[in-house]
>>> print(open('upload-v6.txt').read())   # compact mmCIF, C-alpha atoms and all ligand atoms
# COMPACT_ATOMS: atom_id res chain seq x y z
CA MET J 233 0.00 0.00 0.00
CA LYS J 234 1.46 3.34 -1.13
CA LYS J 235 1.15 5.89 1.68
CA VAL J 236 1.08 9.67 1.21
CA ILE J 237 1.34 12.43 3.81
CA THR J 238 0.73 16.17 3.73
CA TYR J 239 0.67 18.94 6.34
CA GLY J 240 -1.28 22.14 6.86
CA THR J 241 -3.56 24.37 8.88
CA PHE J 242 -6.58 23.99 6.54
CA ASP J 243 -8.38 26.93 8.18
CA LEU J 244 -11.66 27.97 6.49
CA PHE J 245 -11.39 24.84 4.33
CA HIS J 246 -11.64 25.86 0.66
CA TYR J 247 -11.33 24.60 -2.91
CA GLY J 248 -7.55 25.02 -2.94
CA HIS J 249 -7.26 22.69 0.05
CA LEU J 250 -9.64 20.22 -1.57
CA ARG J 251 -7.66 20.13 -4.84
CA LEU J 252 -4.43 19.60 -2.91
CA LEU J 253 -5.88 16.66 -0.97
CA LYS J 254 -7.44 15.15 -4.10
CA ARG J 255 -4.14 15.26 -6.01
CA ALA J 256 -2.19 14.03 -2.97
CA LYS J 257 -4.47 11.00 -2.65
CA SER J 258 -4.11 10.24 -6.36
CA MET J 259 -0.39 9.60 -5.69
CA GLY J 260 -1.05 6.59 -3.51
CA ASP J 261 -3.59 4.40 -1.75
CA TYR J 262 -3.68 5.97 1.72
CA LEU J 263 -3.50 9.66 2.63
CA ILE J 264 -2.53 10.93 6.07
CA VAL J 265 -3.09 14.64 6.74
CA ALA J 266 -1.24 16.27 9.62
CA VAL J 267 -3.39 19.23 10.69
CA SER J 268 -1.66 22.00 12.64
CA THR J 269 -2.76 22.28 16.28
CA ASP J 270 -3.83 25.62 17.78
CA GLU J 271 -0.50 25.78 19.58
CA PHE J 272 1.47 25.14 16.37
CA ASN J 273 -0.61 27.70 14.44
CA PHE J 274 0.46 30.20 17.10
CA ILE J 275 4.07 29.22 16.44
CA LYS J 276 3.42 29.61 12.67
CA ASN J 277 1.93 33.01 13.49
CA LYS J 278 -1.34 32.00 11.83
CA LYS J 279 -4.49 33.55 13.31
CA CYS J 280 -7.15 30.96 12.52
CA THR J 281 -10.90 31.45 12.32
CA TYR J 282 -11.67 27.84 13.25
CA PRO J 283 -10.12 26.06 16.22
CA CYS J 284 -7.94 23.17 15.02
CA PHE J 285 -10.47 20.63 16.37
CA GLU J 286 -13.01 21.86 13.80
CA SER J 287 -10.49 21.90 10.95
CA MET J 288 -9.49 18.34 11.88
CA GLU J 289 -13.13 17.20 11.79
CA ILE J 290 -13.65 18.86 8.40
CA VAL J 291 -10.46 17.31 6.93
CA LYS J 292 -11.41 13.90 8.37
CA ALA J 293 -14.74 14.12 6.49
CA ILE J 294 -13.02 14.62 3.11
CA LYS J 295 -13.35 11.42 1.05
CA TYR J 296 -9.68 11.56 -0.10
CA VAL J 297 -8.42 11.54 3.50
CA ASP J 298 -7.79 8.24 5.31
CA GLU J 299 -6.27 9.51 8.55
CA VAL J 300 -5.71 12.79 10.39
CA ILE J 301 -2.88 13.33 12.86
CA PRO J 302 -1.90 16.50 14.76
CA GLU J 303 0.97 18.65 13.56
CA ASP J 304 2.49 20.35 16.59
CA SER J 305 6.08 21.01 15.53
CA TRP J 306 8.26 21.74 12.50
CA GLU J 307 10.50 18.85 13.50
CA GLN J 308 8.04 15.94 13.47
CA LYS J 309 8.04 15.18 9.73
CA ILE J 310 10.91 12.66 9.63
CA ASP J 311 9.47 10.72 12.59
CA ASP J 312 6.00 10.81 10.99
CA ILE J 313 7.42 9.51 7.69
CA LYS J 314 9.29 6.68 9.44
CA SER J 315 6.58 5.67 11.91
CA ASN J 316 3.85 5.69 9.24
CA ASP J 317 5.95 4.06 6.46
CA ILE J 318 5.28 7.02 4.18
CA ASP J 319 6.24 6.72 0.49
CA VAL J 320 5.33 10.23 -0.69
CA PHE J 321 5.42 13.63 1.03
CA VAL J 322 3.25 16.22 -0.73
CA MET J 323 2.94 20.00 -0.25
CA GLY J 324 1.75 22.94 -2.30
CA ASN J 325 4.54 24.64 -4.23
CA ASP J 326 4.48 27.72 -2.05
CA TRP J 327 6.77 25.39 -0.06
CA GLU J 328 8.90 24.48 -3.12
CA GLY J 329 12.31 23.27 -1.96
CA LYS J 330 11.64 23.85 1.76
CA PHE J 331 11.24 20.14 2.52
CA ASP J 332 13.85 18.65 0.15
CA PHE J 333 15.71 17.34 3.22
CA LEU J 334 12.97 14.70 3.39
CA LYS J 335 14.12 13.21 0.04
CA GLU J 336 16.38 10.72 1.83
CA HIS J 337 13.29 9.31 3.55
CA CYS J 338 10.59 9.40 0.86
CA GLU J 339 9.55 10.94 -2.46
CA VAL J 340 8.92 14.71 -2.13
CA VAL J 341 6.32 16.30 -4.42
CA TYR J 342 5.31 19.97 -4.63
CA LEU J 343 1.97 20.58 -6.35
CA ASP J 344 0.84 23.83 -7.96
CA ARG J 345 -1.12 25.97 -5.56
CA THR J 346 -4.69 26.71 -6.64
CA PRO J 347 -4.63 30.35 -7.75
CA ASP J 348 -6.82 33.14 -6.35
CA ILE J 349 -8.02 31.46 -3.19
CA SER J 350 -6.68 31.50 0.36
CA SER J 351 -8.02 31.45 3.90
CA SER J 352 -6.79 35.03 4.44
CA GLY J 353 -8.45 36.12 1.18
CA ILE J 354 -11.76 34.60 2.28
CA LYS J 355 -11.50 36.41 5.62
CA SER J 356 -10.83 39.81 4.05
CA SER J 357 -13.64 39.41 1.49
CA ILE J 358 -16.09 38.69 4.34
CA ILE J 359 -14.85 41.72 6.28
CA ASN J 360 -15.11 43.95 3.19
CA SER J 361 -18.61 42.73 2.27
CA ARG J 362 -19.75 43.27 5.90
CA GLY J 363 -18.59 46.87 5.66
CA LYS J 364 -20.77 47.39 2.56
CA GLN J 365 -23.88 45.89 4.24
CA ASP J 366 -23.63 47.97 7.43
N1 LIG J 401 -2.86 25.24 -0.81
C1 LIG J 401 -3.07 25.15 -2.18
N2 LIG J 401 -3.74 26.14 -2.81
C2 LIG J 401 -4.22 27.21 -2.12
C3 LIG J 401 -4.01 27.31 -0.73
C4 LIG J 401 -3.33 26.29 -0.08
O1 LIG J 401 -2.64 24.18 -2.84
N3 LIG J 401 -4.89 28.20 -2.80
C5 LIG J 401 -2.12 24.16 -0.16
C6 LIG J 401 -0.85 24.64 0.54
O2 LIG J 401 0.22 24.77 -0.39
C7 LIG J 401 -0.61 23.52 1.55
C8 LIG J 401 -2.05 23.08 1.90
O3 LIG J 401 -2.90 23.59 0.86
O4 LIG J 401 0.07 22.43 0.93
C9 LIG J 401 -2.50 23.64 3.24
O5 LIG J 401 -2.35 25.03 3.19
P1 LIG J 401 -2.33 25.84 4.61
O6 LIG J 401 -3.48 25.41 5.43
O7 LIG J 401 -2.12 27.28 4.30
O8 LIG J 401 -1.04 25.22 5.30
P2 LIG J 401 0.34 25.97 5.63
O9 LIG J 401 0.10 27.14 6.48
O10 LIG J 401 1.04 26.13 4.33
O11 LIG J 401 1.05 24.89 6.58
O12 LIG J 401 4.48 21.99 8.03
C10 LIG J 401 3.81 22.53 6.92
C11 LIG J 401 2.79 23.55 7.34
O13 LIG J 401 1.94 23.07 8.35
C12 LIG J 401 1.98 24.00 6.12
>>> encode(input="upload-v6.txt", output="structure tokens")
Amino acid sequence: MKKVITYGTFDLFHYGHLRLLKRAKSMGDYLIVAVSTDEFNFIKNKKCTYPCFESMEIVKAIKYVDEVIPEDSWEQKIDDIKSNDIDVFVMGNDWEGKFDFLKEHCEVVYLDRTPDISSSGIKSSIINSRGKQD
């Protein structure tokens, strides 16, 4: 069984996240998604709208996803790859090259980011539209 892993916050789950998970799953038979914990999002300086528990539940419900684990540090990837017998590590190409050190442990694949959508963009469009309604 070919196992794939990817990592992320997945706040305000959107089409870009979905496309990433769909393509990641197509690279193997089993997809593990490590979802950043609230504590790790603080370390990443990401102000999330949803608590990580909710993002984890949403990601778990995605048909391409077989397992969700917590991501609470930058340093856990090699252990995760070894302990889960991962064959392929996948990230969006905004991370291009950043995780090449994992190549001695598994295949590393960077996928094109979906253009024109982001959690921060969704947030600001809601804030702007609220301003117009008030
Ligand atoms: N993504 C994408 N297209 C978008 C937005 C995001 O393909 N329009 C991808 C990102 O490249 C990433 C995944 O979706 O692979 C999750 O994105 P984020 O939730 O923003 O995760 P990030 O903050 O990049 O955290 O250790 C790695 C980090 O946890 C990654």
>>> residues_near_ligand(input="upload-v6.txt", ligand="ligand LIG 401 (chain J)", cutoff="9 Å", atoms="all atoms listed in the file", output="ChimeraX atom specification")
/J:238-253,266-268,272-273,276,278,303-309,322-327,331,342-351
>>> closest_residue(input="upload-v6.txt", among="J:Glu289, J:Thr269, J:Ile237, J:Thr281", to="Ser356 in chain J", atoms="all atoms listed in the file")
J:Thr281
>>> residues_around(input="upload-v6.txt", residues="Glu299 in chain J", least_positions_apart="4", cutoff="8 Å", atoms="all atoms listed in the file", output="number ranges by chain")
J: 263-265, 292
>>> atom_distance(input="upload-v6.txt", atom1="CA of Lys314 in chain J", atom2="CA of Ser258 in chain J")
21.0 Å
>>> atom_distance(input="upload-v6.txt", atom1="CA of Asp332 in chain J", atom2="CA of Ile318 in chain J")
15.0 Å
>>> atom_distance(input="upload-v6.txt", atom1="CA of Asp317 in chain J", atom2="CA of Ala256 in chain J")
16.0 Å
>>> residues_near_point(input="upload-v6.txt", point="(10.0, 5.2, 0.3)", cutoff="8 Å", atoms="only C-alpha atoms", output="list in words")
Asp317, Ile318, Asp319, Val320, His337, Cys338 and Glu339 of chain J
>>> write_last_selection(input="upload-v6.txt", atoms="C-alpha atoms", output="mmCIF file, in the frame of the given file")
data_model
loop_
_atom_site.group_PDB
_atom_site.id
_atom_site.type_symbol
_atom_site.label_atom_id
_atom_site.label_comp_id
_atom_site.auth_asym_id
_atom_site.auth_seq_id
_atom_site.Cartn_x
_atom_site.Cartn_y
_atom_site.Cartn_z
ATOM 1 C CA ASP J 317 5.950 4.060 6.460
ATOM 2 C CA ILE J 318 5.280 7.020 4.180
ATOM 3 C CA ASP J 319 6.240 6.720 0.490
ATOM 4 C CA VAL J 320 5.330 10.230 -0.690
ATOM 5 C CA HIS J 337 13.290 9.310 3.550
ATOM 6 C CA CYS J 338 10.590 9.400 0.860
ATOM 7 C CA GLU J 339 9.550 10.940 -2.460
#
>>> residues_around(input="upload-v6.txt", residues="Asn316 in chain J", least_positions_apart="4", cutoff="10 Å", atoms="only C-alpha atoms", output="PyMOL selection string")
chain J and resi 235-237+264+310-312
>>> closest_residue(input="upload-v6.txt", among="J:Lys234, J:Lys364, J:Lys330, J:Lys355", to="Gly260 in chain J", atoms="only C-alpha atoms")
J:Lys234
>>> closest_residue(input="upload-v6.txt", among="J:Ile313, J:Met233, J:Ser352, J:Ser357", to="Asp261 in chain J", atoms="all atoms listed in the file")
J:Met233
>>> axis_aligned_box(input="upload-v6.txt", around="range 316-334 of chain J", padding_each_side="3 Å", output="AutoDock Vina command-line options")
--center_x 8.7 --center_y 15.9 --center_z 2.5 --size_x 20.0 --size_y 29.7 --size_z 19.5
